[in-house]
$ cat query-v3.tsv   # TSV, C-alpha atoms
chain	number	residue	atom	x	y	z
L	238	MET	CA	-24.74	13.28	20.23
L	239	SER	CA	-23.27	10.38	18.33
L	240	TRP	CA	-20.24	10.37	16.08
L	241	ARG	CA	-22.31	8.58	13.43
L	242	GLU	CA	-22.95	11.47	11.06
L	243	PRO	CA	-19.43	13.00	11.33
L	244	VAL	CA	-17.90	9.57	10.70
L	245	LEU	CA	-20.11	8.89	7.68
L	246	GLU	CA	-19.35	12.34	6.31
L	247	ALA	CA	-15.61	11.82	6.89
L	248	LEU	CA	-15.87	8.48	5.09
L	249	ARG	CA	-17.58	10.05	2.09
L	250	ARG	CA	-14.85	12.67	1.90
L	251	ALA	CA	-11.95	10.26	2.32
L	252	ALA	CA	-13.39	7.61	0.00
L	253	PRO	CA	-15.52	9.23	-2.71
L	254	GLN	CA	-16.12	5.79	-4.22
L	255	ILE	CA	-18.65	5.04	-1.49
L	256	ASN	CA	-20.98	7.87	-2.47
L	257	GLY	CA	-24.36	6.52	-3.45
L	258	ILE	CA	-24.29	3.37	-1.38
L	259	THR	CA	-25.98	2.72	1.95
L	260	LEU	CA	-23.37	2.55	4.68
L	261	ASP	CA	-24.22	-0.24	7.07
L	262	ASP	CA	-22.45	-0.39	10.44
L	263	SER	CA	-21.25	-3.91	9.69
L	264	LEU	CA	-19.32	-2.88	6.58
L	265	SER	CA	-15.57	-3.22	6.97
L	266	LEU	CA	-13.46	-0.26	5.86
L	267	LEU	CA	-10.80	-2.63	4.62
L	268	ASN	CA	-12.48	-5.81	3.46
L	269	ASP	CA	-15.80	-4.50	2.16
L	270	LEU	CA	-15.13	-0.94	1.08
L	271	GLY	CA	-11.50	-1.45	0.07
L	272	LEU	CA	-10.08	1.69	1.66
L	273	SER	CA	-6.35	2.15	1.24
L	274	SER	CA	-3.99	3.11	4.06
L	275	ARG	CA	-3.89	6.62	2.71
L	276	GLN	CA	-7.67	6.82	2.72
L	277	LEU	CA	-7.68	5.55	6.31
L	278	VAL	CA	-5.33	8.28	7.49
L	279	GLU	CA	-7.30	10.81	5.45
L	280	LEU	CA	-10.40	9.59	7.27
L	281	SER	CA	-8.72	10.23	10.60
L	282	THR	CA	-7.72	13.71	9.44
L	283	HIS	CA	-11.37	14.48	8.63
L	284	ILE	CA	-12.37	13.15	12.05
L	285	ASP	CA	-9.86	15.56	13.63
L	286	ARG	CA	-11.47	18.41	11.76
L	287	ALA	CA	-14.92	17.38	12.96
L	288	ALA	CA	-13.71	17.05	16.55
L	289	GLY	CA	-11.75	20.29	16.59
L	290	PHE	CA	-8.79	18.48	18.14
L	291	ARG	CA	-6.48	15.60	17.35
L	292	VAL	CA	-8.24	12.29	17.93
L	293	PRO	CA	-5.81	9.33	18.05
L	294	THR	CA	-7.85	7.34	15.56
L	295	GLU	CA	-4.71	5.43	14.61
L	296	GLU	CA	-5.04	3.51	17.90
L	297	TRP	CA	-8.35	2.10	16.71
L	298	LEU	CA	-7.05	1.56	13.19
L	299	VAL	CA	-4.01	-0.42	14.35
L	300	ASN	CA	-6.10	-2.76	16.49
L	301	GLU	CA	-8.85	-3.22	13.94
L	302	LEU	CA	-6.69	-3.62	10.88
L	303	SER	CA	-4.54	-6.25	12.55
L	304	GLY	CA	-7.71	-8.20	13.24
L	305	GLU	CA	-9.15	-7.49	9.77
L	306	ARG	CA	-12.42	-6.23	11.24
L	307	SER	CA	-12.40	-2.45	10.84
L	308	GLN	CA	-16.18	-2.12	10.82
L	309	ILE	CA	-17.82	1.28	10.56
L	310	GLY	CA	-19.95	0.60	13.61
L	311	GLY	CA	-16.86	-0.24	15.64
L	312	LEU	CA	-15.25	3.08	14.82
L	313	ILE	CA	-18.40	5.01	15.76
L	314	GLU	CA	-18.67	3.10	19.02
L	315	TRP	CA	-14.98	3.67	19.83
L	316	LEU	CA	-15.35	7.40	19.24
L	317	ASP	CA	-18.62	7.65	21.18
L	318	THR	CA	-17.04	5.83	24.11
L	319	ASN	CA	-13.70	7.61	24.21
L	320	TYR	CA	-14.46	11.03	22.74
L	321	PRO	CA	-18.15	11.71	23.41
L	322	ARG	CA	-19.59	14.66	21.53
L	323	ARG	CA	-21.51	17.26	23.51
J	180	MET	CA	19.66	-13.14	-9.72
J	181	LEU	CA	17.58	-11.99	-6.74
J	182	GLU	CA	20.79	-11.57	-4.72
J	183	THR	CA	21.55	-8.38	-6.59
J	184	GLU	CA	18.15	-7.46	-8.00
J	185	VAL	CA	14.63	-6.82	-6.88
J	186	HIS	CA	11.82	-7.14	-9.39
J	187	LEU	CA	8.81	-4.89	-9.65
J	188	TRP	CA	5.92	-6.45	-11.57
J	189	TYR	CA	2.96	-4.33	-12.48
J	190	VAL	CA	-0.40	-4.81	-14.13
J	191	GLU	CA	-3.15	-2.40	-15.10
J	192	PRO	CA	-6.28	-4.36	-14.13
J	193	GLU	CA	-8.72	-2.24	-16.08
J	194	ARG	CA	-7.05	-3.41	-19.30
J	195	ILE	CA	-7.99	-7.00	-18.55
J	196	ASP	CA	-11.54	-7.82	-19.58
J	197	ASP	CA	-11.24	-11.16	-21.39
J	198	PRO	CA	-13.86	-13.37	-19.67
J	199	ALA	CA	-11.82	-16.53	-20.28
J	200	LEU	CA	-8.79	-14.95	-18.65
J	201	LEU	CA	-10.83	-13.76	-15.71
J	202	ASP	CA	-12.31	-17.24	-15.29
J	203	ALA	CA	-8.79	-18.62	-15.29
J	204	TYR	CA	-7.85	-16.16	-12.54
J	205	ASP	CA	-10.87	-17.18	-10.51
J	206	ALA	CA	-9.85	-20.81	-10.82
J	207	LEU	CA	-6.57	-19.96	-9.11
J	208	LEU	CA	-8.26	-18.73	-5.93
J	209	THR	CA	-8.72	-20.75	-2.79
J	210	PRO	CA	-12.27	-20.90	-1.39
J	211	ALA	CA	-11.23	-18.41	1.32
J	212	GLU	CA	-9.78	-16.01	-1.26
J	213	ARG	CA	-12.92	-16.33	-3.35
J	214	ALA	CA	-15.16	-15.62	-0.35
J	215	ARG	CA	-13.08	-12.58	0.53
J	216	ASN	CA	-13.19	-11.39	-3.07
J	217	ARG	CA	-16.99	-11.57	-3.11
J	218	ARG	CA	-17.19	-9.38	-0.01
J	219	TYR	CA	-16.02	-6.25	-1.80
J	220	VAL	CA	-18.95	-3.92	-2.32
J	221	PHE	CA	-17.67	-2.53	-5.60
J	222	ALA	CA	-17.14	-4.54	-8.77
J	223	ARG	CA	-13.99	-2.49	-9.44
J	224	HIS	CA	-12.47	-3.69	-6.17
J	225	ARG	CA	-13.46	-7.31	-6.83
J	226	HIS	CA	-11.83	-7.11	-10.24
J	227	GLN	CA	-8.70	-5.52	-8.83
J	228	ASP	CA	-8.48	-8.11	-6.07
J	229	LEU	CA	-8.92	-10.95	-8.58
J	230	VAL	CA	-6.12	-9.60	-10.75
J	231	THR	CA	-3.94	-9.09	-7.68
J	232	ARG	CA	-4.37	-12.71	-6.55
J	233	ALA	CA	-3.59	-13.93	-10.07
J	234	LEU	CA	-0.59	-11.63	-10.29
J	235	VAL	CA	1.09	-12.84	-7.12
J	236	ARG	CA	0.47	-16.51	-7.90
J	237	THR	CA	1.71	-16.37	-11.47
J	238	VAL	CA	4.67	-14.16	-10.63
J	239	LEU	CA	5.88	-16.47	-7.86
J	240	SER	CA	5.68	-19.43	-10.23
J	241	THR	CA	8.01	-17.70	-12.67
J	242	TYR	CA	10.72	-17.98	-10.00
J	243	HIS	CA	9.78	-21.56	-9.11
J	244	PRO	CA	8.20	-23.05	-12.25
J	245	ALA	CA	7.74	-26.42	-10.58
J	246	VAL	CA	5.11	-24.84	-8.35
J	247	GLU	CA	1.78	-24.35	-10.10
J	248	PRO	CA	0.24	-20.90	-9.54
J	249	ARG	CA	-2.71	-22.38	-7.70
J	250	ALA	CA	-0.41	-24.38	-5.38
J	251	TRP	CA	0.92	-21.39	-3.45
J	252	GLU	CA	-0.48	-21.06	0.05
J	253	PHE	CA	-0.36	-17.82	1.97
J	254	GLU	CA	-0.79	-16.72	5.54
J	255	ALA	CA	-1.16	-13.26	7.00
J	256	GLY	CA	1.35	-11.98	9.52
J	257	GLN	CA	0.22	-10.45	12.80
J	258	PHE	CA	-0.45	-7.14	11.12
J	259	GLY	CA	-1.96	-8.49	7.95
J	260	ARG	CA	0.98	-8.73	5.57
J	261	PRO	CA	0.59	-11.86	3.42
J	262	GLU	CA	3.54	-14.27	3.31
J	263	ILE	CA	4.21	-17.57	1.59
J	264	ALA	CA	3.18	-20.40	3.91
J	265	ALA	CA	3.80	-23.29	1.49
J	266	PRO	CA	5.52	-24.77	-0.35
J	267	LEU	CA	8.81	-23.89	1.33
J	268	VAL	CA	10.91	-23.24	-1.74
J	269	GLN	CA	14.64	-22.77	-2.12
J	270	PRO	CA	15.97	-20.27	-2.92
J	271	THR	CA	13.53	-18.25	-0.87
J	272	VAL	CA	11.44	-15.62	-2.59
J	273	ARG	CA	9.50	-12.93	-0.80
J	274	PHE	CA	6.90	-10.60	-2.16
J	275	ASN	CA	4.92	-7.54	-1.26
J	276	LEU	CA	1.79	-6.18	-2.95
J	277	SER	CA	0.24	-2.78	-3.37
J	278	HIS	CA	-2.65	-1.49	-5.40
J	279	THR	CA	-4.59	1.61	-6.13
J	280	ASP	CA	-7.36	2.29	-8.60
J	281	GLY	CA	-5.99	1.24	-11.99
J	282	MET	CA	-2.68	-0.24	-10.90
J	283	VAL	CA	-1.44	-3.33	-9.05
J	284	VAL	CA	2.23	-3.91	-8.24
J	285	CYS	CA	4.11	-6.87	-6.82
J	286	LEU	CA	7.67	-6.53	-5.56
J	287	VAL	CA	9.75	-9.72	-5.48
J	288	ALA	CA	13.12	-10.27	-3.82
J	289	GLY	CA	15.21	-13.00	-2.25
J	290	ASP	CA	15.19	-13.55	1.49
J	291	GLN	CA	14.95	-9.86	2.40
J	292	GLU	CA	12.42	-7.64	4.06
J	293	ILE	CA	10.70	-5.68	1.31
J	294	GLY	CA	7.82	-3.25	0.98
J	295	VAL	CA	6.17	-1.47	-1.90
J	296	ASP	CA	3.52	1.19	-2.27
J	297	VAL	CA	1.80	2.62	-5.33
J	298	GLU	CA	-0.37	5.70	-5.30
J	299	ASP	CA	-2.48	7.56	-7.83
J	300	VAL	CA	-0.96	11.05	-7.68
J	301	GLN	CA	-3.88	12.50	-9.62
J	302	ARG	CA	-6.47	11.46	-7.06
J	303	THR	CA	-7.98	14.40	-5.23
J	304	GLY	CA	-8.18	14.55	-1.45
J	305	TYR	CA	-6.09	15.55	1.53
J	306	THR	CA	-2.35	15.42	1.00
J	307	VAL	CA	-0.45	18.12	2.85
J	308	GLU	CA	-3.09	17.98	5.60
J	309	ILE	CA	-2.21	14.33	6.15
J	310	ALA	CA	1.46	15.29	6.35
J	311	ASP	CA	0.73	17.87	9.04
J	312	ARG	CA	-1.10	15.19	11.00
J	313	TYR	CA	1.20	12.21	10.53
J	314	PHE	CA	4.65	13.09	9.22
J	315	SER	CA	7.79	13.93	11.18
J	316	PRO	CA	8.53	17.63	11.81
J	317	ALA	CA	11.52	17.50	9.43
J	318	GLU	CA	9.36	16.03	6.66
J	319	VAL	CA	6.67	18.64	7.16
J	320	ARG	CA	9.27	21.43	7.05
J	321	GLU	CA	10.76	20.13	3.80
J	322	LEU	CA	7.36	19.54	2.24
J	323	ARG	CA	6.15	23.00	3.23
J	324	SER	CA	9.30	24.56	1.72
J	325	TRP	CA	8.07	23.65	-1.78
J	326	PRO	CA	5.84	26.00	-3.76
J	327	ALA	CA	2.23	25.39	-2.74
J	328	GLU	CA	1.26	23.97	-6.12
J	329	ARG	CA	4.09	21.38	-5.92
J	330	GLN	CA	3.39	20.25	-2.38
J	331	PRO	CA	0.69	17.67	-3.21
J	332	ASP	CA	3.05	15.95	-5.66
J	333	ARG	CA	5.93	16.07	-3.18
J	334	PHE	CA	3.60	14.58	-0.57
J	335	PHE	CA	3.43	11.38	-2.62
J	336	ASP	CA	7.22	11.03	-2.58
J	337	TYR	CA	7.03	10.92	1.20
J	338	TRP	CA	3.85	8.90	1.54
J	339	THR	CA	4.88	6.10	-0.79
J	340	LEU	CA	8.32	5.80	0.83
J	341	LYS	CA	6.88	5.79	4.34
J	342	GLU	CA	4.27	3.22	3.41
J	343	ALA	CA	6.90	1.04	1.69
J	344	TYR	CA	9.02	1.12	4.86
J	345	ILE	CA	6.23	0.21	7.28
J	346	LYS	CA	5.13	-2.56	4.93
J	347	ALA	CA	8.67	-3.91	4.75
J	348	ARG	CA	8.74	-4.02	8.54
J	349	GLY	CA	5.42	-5.87	8.51
J	350	LEU	CA	4.05	-3.70	11.30
J	351	GLY	CA	1.74	-1.39	9.38
J	352	LEU	CA	0.52	1.68	11.23
J	353	GLN	CA	1.90	0.16	14.43
J	354	ILE	CA	5.02	2.17	13.57
J	355	PRO	CA	4.26	5.83	14.32
J	356	LEU	CA	4.68	7.66	11.03
J	357	ASP	CA	6.18	10.71	12.74
J	358	GLN	CA	8.99	8.68	14.34
J	359	PHE	CA	11.02	8.23	11.17
J	360	THR	CA	11.99	10.66	8.47
J	361	MET	CA	12.28	9.85	4.79
J	362	LEU	CA	14.88	11.67	2.74
J	363	PRO	CA	13.56	11.56	-0.83
J	364	SER	CA	15.60	12.79	-3.73
J	365	THR	CA	14.79	16.12	-5.32
J	366	HIS	CA	16.31	14.91	-8.60
J	367	GLN	CA	13.84	14.87	-11.47
J	368	THR	CA	14.02	11.75	-13.63
J	369	GLY	CA	12.24	10.38	-16.64
J	370	ALA	CA	9.50	7.77	-16.73
J	371	GLN	CA	10.40	4.59	-14.84
J	372	GLN	CA	13.79	5.96	-13.79
J	373	ALA	CA	14.34	5.28	-10.11
J	374	ARG	CA	15.33	7.94	-7.60
J	375	SER	CA	17.09	6.83	-4.43
J	376	ALA	CA	16.11	7.95	-0.95
J	377	GLY	CA	17.32	7.63	2.63
J	378	ILE	CA	15.83	7.36	6.09
J	379	THR	CA	16.57	8.49	9.63
J	380	PHE	CA	14.96	7.17	12.79
J	381	GLY	CA	13.71	8.82	15.94
J	382	PRO	CA	14.72	7.39	19.32
J	383	SER	CA	11.62	5.18	19.59
J	384	ILE	CA	12.53	3.11	16.52
J	385	ASP	CA	15.33	0.58	16.83
J	386	ASP	CA	16.55	0.24	13.29
J	387	ASP	CA	19.69	0.87	11.22
J	388	PRO	CA	19.29	3.42	8.41
J	389	THR	CA	22.36	2.07	6.59
J	390	GLY	CA	20.69	-1.32	6.18
J	391	TRP	CA	17.98	-0.05	3.89
J	392	GLN	CA	17.71	0.77	0.21
J	393	PHE	CA	14.86	2.93	-1.06
J	394	ALA	CA	13.75	3.98	-4.51
J	395	SER	CA	10.90	5.99	-5.99
J	396	LEU	CA	9.75	6.06	-9.56
J	397	ASP	CA	6.80	7.01	-11.72
J	398	LEU	CA	5.43	3.98	-13.56
J	399	THR	CA	3.32	6.43	-15.56
J	400	PRO	CA	2.59	10.11	-14.95
J	401	ARG	CA	-0.36	8.95	-12.83
J	402	TYR	CA	1.23	6.25	-10.67
J	403	ARG	CA	4.13	6.72	-8.26
J	404	VAL	CA	5.79	3.73	-6.66
J	405	ALA	CA	8.26	3.46	-3.81
J	406	ILE	CA	10.14	0.38	-2.69
J	407	ALA	CA	11.98	-0.42	0.52
J	408	VAL	CA	14.49	-3.26	0.76
J	409	ARG	CA	16.49	-4.22	3.82
J	410	HIS	CA	19.76	-4.77	2.03
J	411	PRO	CA	23.11	-3.11	2.71
J	412	ARG	CA	24.30	-3.14	-0.91
J	413	ALA	CA	23.98	0.22	-2.55
J	414	ASP	CA	24.20	-1.32	-6.02
J	415	LEU	CA	20.98	-3.25	-5.75
J	416	SER	CA	19.21	-3.09	-9.11
J	417	LEU	CA	15.51	-2.71	-9.68
J	418	ARG	CA	14.04	-4.52	-12.68
J	419	ILE	CA	10.56	-3.53	-13.83
J	420	MET	CA	8.20	-5.87	-15.66
J	421	GLN	CA	4.75	-5.10	-17.03
J	422	THR	CA	2.56	-8.16	-17.19
J	423	VAL	CA	-0.87	-9.62	-17.74
J	424	PRO	CA	-1.17	-12.73	-15.57
J	425	LEU	CA	-1.34	-15.94	-17.62
J	426	ALA	CA	-0.90	-13.93	-20.81
J	427	GLY	CA	2.73	-12.89	-20.67
J	428	GLU	CA	5.07	-10.22	-19.50
J	429	GLN	CA	7.38	-7.72	-21.03
J	430	PRO	CA	10.38	-6.18	-19.35
J	431	ALA	CA	9.91	-2.46	-18.90
J	432	GLY	CA	13.52	-1.85	-18.04
J	433	LEU	CA	16.32	-2.04	-15.54
J	434	ALA	CA	16.20	1.03	-13.38
J	435	GLY	CA	19.40	2.11	-11.71
J	436	THR	CA	19.00	4.57	-8.85
J	437	ARG	CA	20.06	8.18	-8.85
J	438	GLY	CA	20.28	10.37	-5.81

$ encode --input "query-v3.tsv" --output "structure tokens"
Amino acid sequence: MSWREPVLEALRRAAPQINGITLDDSLSLLNDLGLSSRQLVELSTHIDRAAGFRVPTEEWLVNELSGERSQIGGLIEWLDTNYPRR
Amino acid sequence: MLETEVHLWYVEPERIDDPALLDAYDALLTPAERARNRRYVFARHRHQDLVTRALVRTVLSTYHPAVEPRAWEFEAGQFGRPEIAAPLVQPTVRFNLSHTDGMVVCLVAGDQEIGVDVEDVQRTGYTVEIADRYFSPAEVRELRSWPAERQPDRFFDYWTLKEAYIKARGLGLQIPLDQFTMLPSTHQTGAQQARSAGITFGPSIDDDPTGWQFASLDLTPRYRVAIAVRHPRADLSLRIMQTVPLAGEQPAGLAGTRG
């Protein structure tokens, strides 16, 4: 099972402004969707809830935000690789 | 003047809809800034970004009028914080930006590390849940000691101060948010009256709490701002200016700090 749907749902909760648009994997949380830092940590809190444990999403955020990439697909891939869902 | 003051400029982008003014803002952008602006999916974000770019350029030129707003060049630090790359002006000015839906702020100081954050306290979403996840144990205890209905508002005291600090350090979320503790005032003040705050550090952060000045204030009932300045003087003054880039500014006041 992929993290895709939980991540997209977490995104819709953390950033209600994205409701109604098609979320493409290449969209950047920062540069395309304009998420704030607070929305990013809220996103990670929703991901924790979906996982049922604390996922260190900030590790991905720190690396991605410093490189100004922060693409949705990258987050899903990072979660699928490091915290596979059963 | 910037030896003893820091200046907080703010603009409400949704009040700016004059096409000629917006064209003038667009003309200030570099090709790279314009390309980045066009990437935003939402028109609201493109508009806010455009106003933000115009704000920082016009504000910096008020301190160095010989430099045209379009002449400023910026570069991003390792963790994304924009800095002035050219021209190298004297005396040095530094800036930090923050925005949320409906509000853009720009903090300006002399050659000091500074950070600013603005948040919409009326926006719905996780607040205390974020604190449980990210804040220091002491912060969570204090936050949880407030009546439940006041906790979301208190959360923004902490969040804005923590964000202002990590922005001033230029390290972003690289600094673990639970490794330092903000000490916000509990003093209630009127609109645009600043409240001072302190900080303590956990063992993993090598920093001196006495070297920092913090302040929180409500620009309006909807928007809370916090600033962080690495400056040992306790009498540092905060001056607040409301502006519309290229159309003029008006001083909103000189906010002393109260603990």

$ interface_residues --input "query-v3.tsv" --of "chain J" --to "chain L" --cutoff "6 Å" --atoms "all atoms listed in the file" --output "list in words"
Arg218, Tyr219, Val220, Phe258, Gly259, Leu352 and Gln353 of chain J

$ atom_distance --input "query-v3.tsv" --atom1 "atom CA of Gly390 of chain J" --atom2 "atom CA of Trp188 of chain J"
23.7 Å

$ residues_around --input "query-v3.tsv" --residues "Thr303 of chain J" --least-positions-apart "2" --cutoff "10 Å" --atoms "only C-alpha atoms" --output "list in words"
Ala251 and Pro253 of chain L; Asp299, Val300, Gln301, Tyr305, Thr306 and Pro331 of chain J

$ residues_around --input "query-v3.tsv" --residues "Val272 of chain J" --least-positions-apart "2" --cutoff "7 Å" --atoms "all atoms listed in the file" --output "list in words"
Pro270, Phe274, Val287, Ala288, Gly289 and Asp290 of chain J

$ atom_distance --input "query-v3.tsv" --atom1 "atom CA of Gln291 of chain J" --atom2 "atom CA of Arg401 of chain J"
28.6 Å

$ closest_residue --input "query-v3.tsv" --among "J:Glu318, J:Glu252, J:Asp387, J:Asp397" --to "Asp357 of chain J" --atoms "all atoms listed in the file"
J:Glu318

$ closest_residue --input "query-v3.tsv" --among "J:Ala214, J:Leu187, J:Ala233, J:Leu267" --to "Asp202 of chain J" --atoms "all atoms listed in the file"
J:Ala233
